[in-house]
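Read the structure below first, then the notes.
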Amino acid sequence: MSLLRAGNSLLLLLLFGPALSAPRSFSIDYKNDCFRKDGEEFRYISGEIHYSRIPRVYWKDRLLKMYMAGLNAVQTYIPWNFHEESPVQYNFSGDRDLPHFLKVAQDVGLLVILRAGPYICAEWEMGGLPAWLLKKKDIVLRSSDPDYIAAVDRWMGKLLPMMKPYLYQNGGPIISVQVENEYGSYSACDYNYLRHLTKLFRFHLGNEVVLFSTDGAGVSYLKCGTIQDLYATVDFGPGANVTAAFEVQRSAEPHGPLVNSEYYSGWLDHWGSPHSVVSTAKVAKYLNKILATGANVNMYMFIGGTNFGFWNGANAPYAAQPTSYDYNAPLSEAGDPTDKYFAIQEVISMYRKIPDGPIPPKTPKYAYGAVKMTKLQTILDAVEVLSFSGPVKSIYPLTFPDLNQAFGFVLYRTNLPVACNTPTPLSSPLNGVHDRAYVSIDGVAVGILERNKVLSINVTGKAGSQLDVLVENTGRINYGRDINDFKGLVSNLTLGKDILNGWTMFSLSIDDAINQGLIQAKEPPLSAPPPPAALSLPAFYTGSFIIPDGIPDLPQDTYIKLPKWRKGQIWINGFNLGRYWPVRGPQVTLFVPASLLSTAAPNNVTVLELEGAPCSSGPCNVEFTDTPIINATAPAHYKQRLGPFTREILLD
Ligand SMILES: *[C@@H]1O[C@H](CO)[C@@H](O)[C@H](O)[C@H]1NC(C)=O
Ligand SMILES: *[C@@H]1O[C@H](CO)[C@@H](O)[C@H](O)[C@H]1NC(C)=O
Ligand SMILES: *[C@@H]1O[C@H](CO)[C@@H](O)[C@H](O)[C@H]1NC(C)=O
Ligand SMILES: *[C@@H]1O[C@H](CO)[C@@H](O)[C@H](O)[C@H]1NC(C)=O
Ligand SMILES: *[C@@H]1O[C@H](CO)[C@@H](O)[C@H](O)[C@H]1NC(C)=O
Ligand SMILES: *[C@@H]1O[C@H](CO)[C@@H](O)[C@H](O)[C@H]1NC(C)=O
């Protein structure tokens, strides 16, 4: 009986007057240790889904599959930087249409648990905080820093009034709202900040809404993460001692419902580390244990989706997350039910009636095959058209925030002050290349510097030779004390003993240039092309393909694979699909949703290859396949990964 959806209940109200409509309410019952919805005892079995990681056209499909698994709620994060990319310029349209997502969830029959931030972690760029906050160099993020608070107040003053009509008591699907995220894991421990946020949320959303916090299930995390008027919940994964974990919640909340806000049904990946796999049997077993206690649970993730464009985050010590956020979740990155999905559905069926009806099938995939790619200009050839705002000059290098750039690439250019006849170290002594720098001298690629990994390369060149350093932001740190992650050259480069100076910097707007078709074919070389080198200049490549005729239901989803390419970025019909880095893995293919493809015109693939394409002596291919590969290196159980992310694991 999901007739009580907003639209319907409004209609009934209009037709029959107030007699038929009991007021909608959602609250915490401290006496009976449960939630209460419309006066009835209520328990949620929820799954996490991030609208920012799924194309809008697929929201309904994914939510319906979640509903059919037996869930009665979904939990979602709101990434602030996704909606306010530049100060006071808000975007809630298309794939960012959060109100539409809430409506679809409600139409499908799901309640919503809203994680409104401002900080979200989420393996998302800078944990959802906008990079422009770093224009104040010494800003203390996630604290009472007045400039941070002013930005938060302005954002929440926009966001929360938009959310208010979607609260359950106002006819919408939102039953509760999370404030901040795992604040107890952050070093600032600023209670005034949490108090301020709580007041702000109350001011905009009213006194009735359930506000909550969540933290790792350890008493030490709850210390700085919980505060009066935020209902404290905990996060823990399979393998934890469920009794002990909920005792931790009870230490902060002696009464009220038990809630695991992040039950880890899978785990995250990093470039260069094996793909994470969490066993289905274990996920099912511990879900059963949690449900048997009568607790509420949210499975993180139920569908991971994709870090399109430049939206992935990174962990410290610096390790960026790949484009796929599959997460080994019950629904795959492409939204397909896995064995884990059915195992979870079976566990849920012991506690709650599974809806009747078919589960929407797997979305079909199509192998469009190989696409021939042709080389266009290099970044150096195209720098004028890529740099809309023109170059900026400075004695010492400026960072991305100094240049008002959040994502992507900045080209730093200077000249060699002296002749380097013998190999001379070009270095970043303070480890200030954030995060990778593609170095060339007089238009010849000479090496790559990389944060934490390669701080020095040897170069040769004449005095006055042009030195170009293309610096890539590979994703800002989203967790821990290093979230103030300035990008670009954040400290000086040295050549031998000298600090390099006299820089010219080009902020590159590659998305715009691709969308406006500004990147041209390369001039044919006057002489024979040079022999293939170990490394080549960062350059664009293009190709196109037509959706075949006569096959029903095309276009379909597909995966793009770049055999023998090394590292770079892909655009499909101008949409920034994400990063590829098959030589580092574990991800080898990128998910391409059908919604990006056209039957009306040839589909355009643009690739920016940063290190060396397999085409130096002629054409080369990318390939569209129907099978994903995101585990090219051997799988590892997530327990083996130490570091800051083991916080929630209390092993039994
Ligand atoms: C807003 O976001 C949508 C979805 O990503 C995008 O298509 C659109 O271009 C954005 N609008 C502006 C003004 O940036
Ligand atoms: C789980 O924790 C409870 C409460 O702390 C404890 O009594 C029990 O022995 C633990 N179980 C195991 C298997 O360690
Ligand atoms: C640079 O060259 C010097 C001298 O030839 C050598 O000792 C050093 O190992 C080289 N460094 C790198 C990073 O290649
Ligand atoms: C670069 O070196 C100069 C001269 O020592 C110094 O003043 C400046 O602060 C340095 N810049 C950075 C970003 O470290
Ligand atoms: C691909 O590029 C061509 C040439 O610019 C253009 O005519 C065509 O519309 C593009 N295809 C799509 C699907 O945008
Ligand atoms: C990768 O995943 C596929 C599909 O689940 C599986 O068949 C294969 O064995 C996995 N490969 C590795 C190296 O784990």
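Within each chain, counting starts at residue 1; across the structure tokens, chains are named A, B, ... in the order shown, with ligands numbered 1 upward in that order.
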Within 10 Å of ligand 6, which residues of chain A show up? Give each one with its shortest atom-to-atom distance in Å (one decimal) and the two atoms involved, counting only C-alpha atoms and all ligand atoms, rows by chain then rising residue number, as CSV.
residue,atom,partner,partner_atom_place_in_ligand_line,distance
A:Pro274,CA,ligand 6,14 (O),8.5
A:His275,CA,ligand 6,14 (O),7.6
A:Ser276,CA,ligand 6,14 (O),9.5
A:Val277,CA,ligand 6,14 (O),8.9
A:Asn328,CA,ligand 6,5 (O),9.6
A:Thr338,CA,ligand 6,5 (O),9.7
A:Pro586,CA,ligand 6,13 (C),9.0
A:Thr627,CA,ligand 6,4 (C),9.0
A:Pro628,CA,ligand 6,4 (C),8.2
A:Ile629,CA,ligand 6,1 (C),6.6
A:Ile630,CA,ligand 6,1 (C),7.0
A:Asn631,CA,ligand 6,1 (C),4.9
A:Ala632,CA,ligand 6,13 (C),5.3
A:Thr633,CA,ligand 6,13 (C),5.3
A:Ala634,CA,ligand 6,13 (C),4.4
A:Pro635,CA,ligand 6,14 (O),4.9
A:Ala636,CA,ligand 6,14 (O),8.6
Step by step, measure atom-to-atom distances between ligand 3 and each residue using only C-alpha atoms and all ligand atoms, keep those at most 8 Å, then write them as an MDAnalysis selection string.
chainID A and resid 422:425 456:458
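What separates CA of Asn241 in chain A from atom 11 (N, counted along the ligand's line) of ligand 2 is a distance of 5.9 Å.
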Pick out the residues sitting within 9 Å of Pro361 in chain A, and hand them over as number ranges by chain; count only C-alpha atoms, and ignore anything fewer than 3 positions along from it in its own chain.
A: 65, 336-337, 358, 364
Could you save those same residues with all heavy atoms as an mmCIF file, in the first residue's frame?
data_model
loop_
_atom_site.group_PDB
_atom_site.id
_atom_site.type_symbol
_atom_site.label_atom_id
_atom_site.label_comp_id
_atom_site.auth_asym_id
_atom_site.auth_seq_id
_atom_site.Cartn_x
_atom_site.Cartn_y
_atom_site.Cartn_z
ATOM 1 N N LYS A 65 15.116 -1.475 -8.785
ATOM 2 C CA LYS A 65 15.826 -2.706 -8.415
ATOM 3 C C LYS A 65 16.073 -2.737 -6.907
ATOM 4 O O LYS A 65 16.026 -3.805 -6.283
ATOM 5 C CB LYS A 65 17.139 -2.815 -9.186
ATOM 6 C CG LYS A 65 16.936 -3.205 -10.653
ATOM 7 C CD LYS A 65 18.216 -3.033 -11.446
ATOM 8 C CE LYS A 65 18.033 -3.448 -12.905
ATOM 9 N NZ LYS A 65 19.070 -2.869 -13.775
ATOM 10 N N ASP A 336 23.446 -3.858 -12.750
ATOM 11 C CA ASP A 336 22.958 -5.227 -12.906
ATOM 12 C C ASP A 336 22.990 -5.986 -11.590
ATOM 13 O O ASP A 336 23.978 -5.920 -10.853
ATOM 14 C CB ASP A 336 23.805 -5.960 -13.943
ATOM 15 C CG ASP A 336 23.629 -5.366 -15.326
ATOM 16 O OD1 ASP A 336 22.516 -4.854 -15.605
ATOM 17 O OD2 ASP A 336 24.586 -5.382 -16.115
ATOM 18 N N PRO A 337 21.896 -6.736 -11.297
ATOM 19 C CA PRO A 337 21.887 -7.548 -10.078
ATOM 20 C C PRO A 337 22.984 -8.616 -10.124
ATOM 21 O O PRO A 337 23.184 -9.254 -11.154
ATOM 22 C CB PRO A 337 20.502 -8.203 -10.096
ATOM 23 C CG PRO A 337 19.673 -7.360 -11.007
ATOM 24 C CD PRO A 337 20.618 -6.802 -12.022
ATOM 25 N N PRO A 358 8.362 -8.854 -11.119
ATOM 26 C CA PRO A 358 9.687 -9.180 -11.636
ATOM 27 C C PRO A 358 10.723 -8.113 -11.282
ATOM 28 O O PRO A 358 10.395 -6.932 -11.162
ATOM 29 C CB PRO A 358 9.468 -9.227 -13.154
ATOM 30 C CG PRO A 358 8.312 -8.311 -13.395
ATOM 31 C CD PRO A 358 7.458 -8.336 -12.148
ATOM 32 N N PRO A 364 20.923 -4.551 -21.309
ATOM 33 C CA PRO A 364 21.765 -5.208 -22.314
ATOM 34 C C PRO A 364 23.000 -4.373 -22.644
ATOM 35 O O PRO A 364 22.970 -3.146 -22.566
ATOM 36 C CB PRO A 364 20.836 -5.317 -23.531
ATOM 37 C CG PRO A 364 19.750 -4.327 -23.301
ATOM 38 C CD PRO A 364 19.627 -4.125 -21.829
#
I'd like the contact shell of range 189-195 of chain A - 12 Å cut-off, only C-alpha atoms, skipping same-chain residues fewer than 4 positions apart - returned as a PyMOL selection string.
chain A and resi 117-119+140-146+148-150+152-153+178-185+199-202+211-213+220-230+481
For the residues selected in the previous step, produce a file with C-alpha atoms as a PDB file, in the first residue's frame.
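Contents of result29.pdb, freshly written:
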ATOM      1  CA  GLY A 117      26.972  17.321   4.402  1.00  0.00           C
ATOM      2  CA  PRO A 118      28.513  19.863   4.131  1.00  0.00           C
ATOM      3  CA  TYR A 119      31.353  17.285   4.199  1.00  0.00           C
ATOM      4  CA  VAL A 140      40.417  25.258   8.609  1.00  0.00           C
ATOM      5  CA  LEU A 141      37.850  23.102   6.861  1.00  0.00           C
ATOM      6  CA  ARG A 142      35.114  21.386   8.883  1.00  0.00           C
ATOM      7  CA  SER A 143      35.524  23.831  11.766  1.00  0.00           C
ATOM      8  CA  SER A 144      34.264  27.174  13.080  1.00  0.00           C
ATOM      9  CA  ASP A 145      36.638  29.034  10.756  1.00  0.00           C
ATOM     10  CA  PRO A 146      34.485  32.087   9.907  1.00  0.00           C
ATOM     11  CA  TYR A 148      34.284  28.265   6.051  1.00  0.00           C
ATOM     12  CA  ILE A 149      31.137  28.864   8.105  1.00  0.00           C
ATOM     13  CA  ALA A 150      30.057  31.758   5.873  1.00  0.00           C
ATOM     14  CA  VAL A 152      28.456  26.687   4.582  1.00  0.00           C
ATOM     15  CA  ASP A 153      25.676  29.014   5.765  1.00  0.00           C
ATOM     16  CA  GLN A 178      22.438  13.439   8.546  1.00  0.00           C
ATOM     17  CA  VAL A 179      24.575  16.369   9.701  1.00  0.00           C
ATOM     18  CA  GLU A 180      28.290  16.275   8.707  1.00  0.00           C
ATOM     19  CA  ASN A 181      29.868  12.843   8.311  1.00  0.00           C
ATOM     20  CA  GLU A 182      32.039  10.739  10.595  1.00  0.00           C
ATOM     21  CA  TYR A 183      33.159  13.924  12.277  1.00  0.00           C
ATOM     22  CA  GLY A 184      34.689  11.894  15.087  1.00  0.00           C
ATOM     23  CA  SER A 185      37.352  10.666  12.662  1.00  0.00           C
ATOM     24  CA  LYS A 199      21.176  24.962  14.722  1.00  0.00           C
ATOM     25  CA  LEU A 200      21.415  25.791  11.044  1.00  0.00           C
ATOM     26  CA  PHE A 201      19.686  22.550  10.017  1.00  0.00           C
ATOM     27  CA  ARG A 202      16.974  23.102  12.647  1.00  0.00           C
ATOM     28  CA  LEU A 211      18.696  14.799  12.579  1.00  0.00           C
ATOM     29  CA  PHE A 212      21.482  12.302  13.075  1.00  0.00           C
ATOM     30  CA  SER A 213      25.240  11.791  13.065  1.00  0.00           C
ATOM     31  CA  SER A 220      36.834   7.136  20.511  1.00  0.00           C
ATOM     32  CA  TYR A 221      35.072   8.141  17.276  1.00  0.00           C
ATOM     33  CA  LEU A 222      31.838   8.978  19.030  1.00  0.00           C
ATOM     34  CA  LYS A 223      33.736  11.317  21.325  1.00  0.00           C
ATOM     35  CA  CYS A 224      34.133  14.086  18.734  1.00  0.00           C
ATOM     36  CA  GLY A 225      31.360  12.980  16.388  1.00  0.00           C
ATOM     37  CA  THR A 226      28.270  13.180  18.566  1.00  0.00           C
ATOM     38  CA  ILE A 227      26.410  16.068  20.091  1.00  0.00           C
ATOM     39  CA  GLN A 228      23.069  16.801  21.746  1.00  0.00           C
ATOM     40  CA  ASP A 229      20.127  16.898  19.305  1.00  0.00           C
ATOM     41  CA  LEU A 230      21.889  14.734  16.697  1.00  0.00           C
ATOM     42  CA  ARG A 481      43.599  15.694   7.994  1.00  0.00           C
TER      43      ARG A 481
END
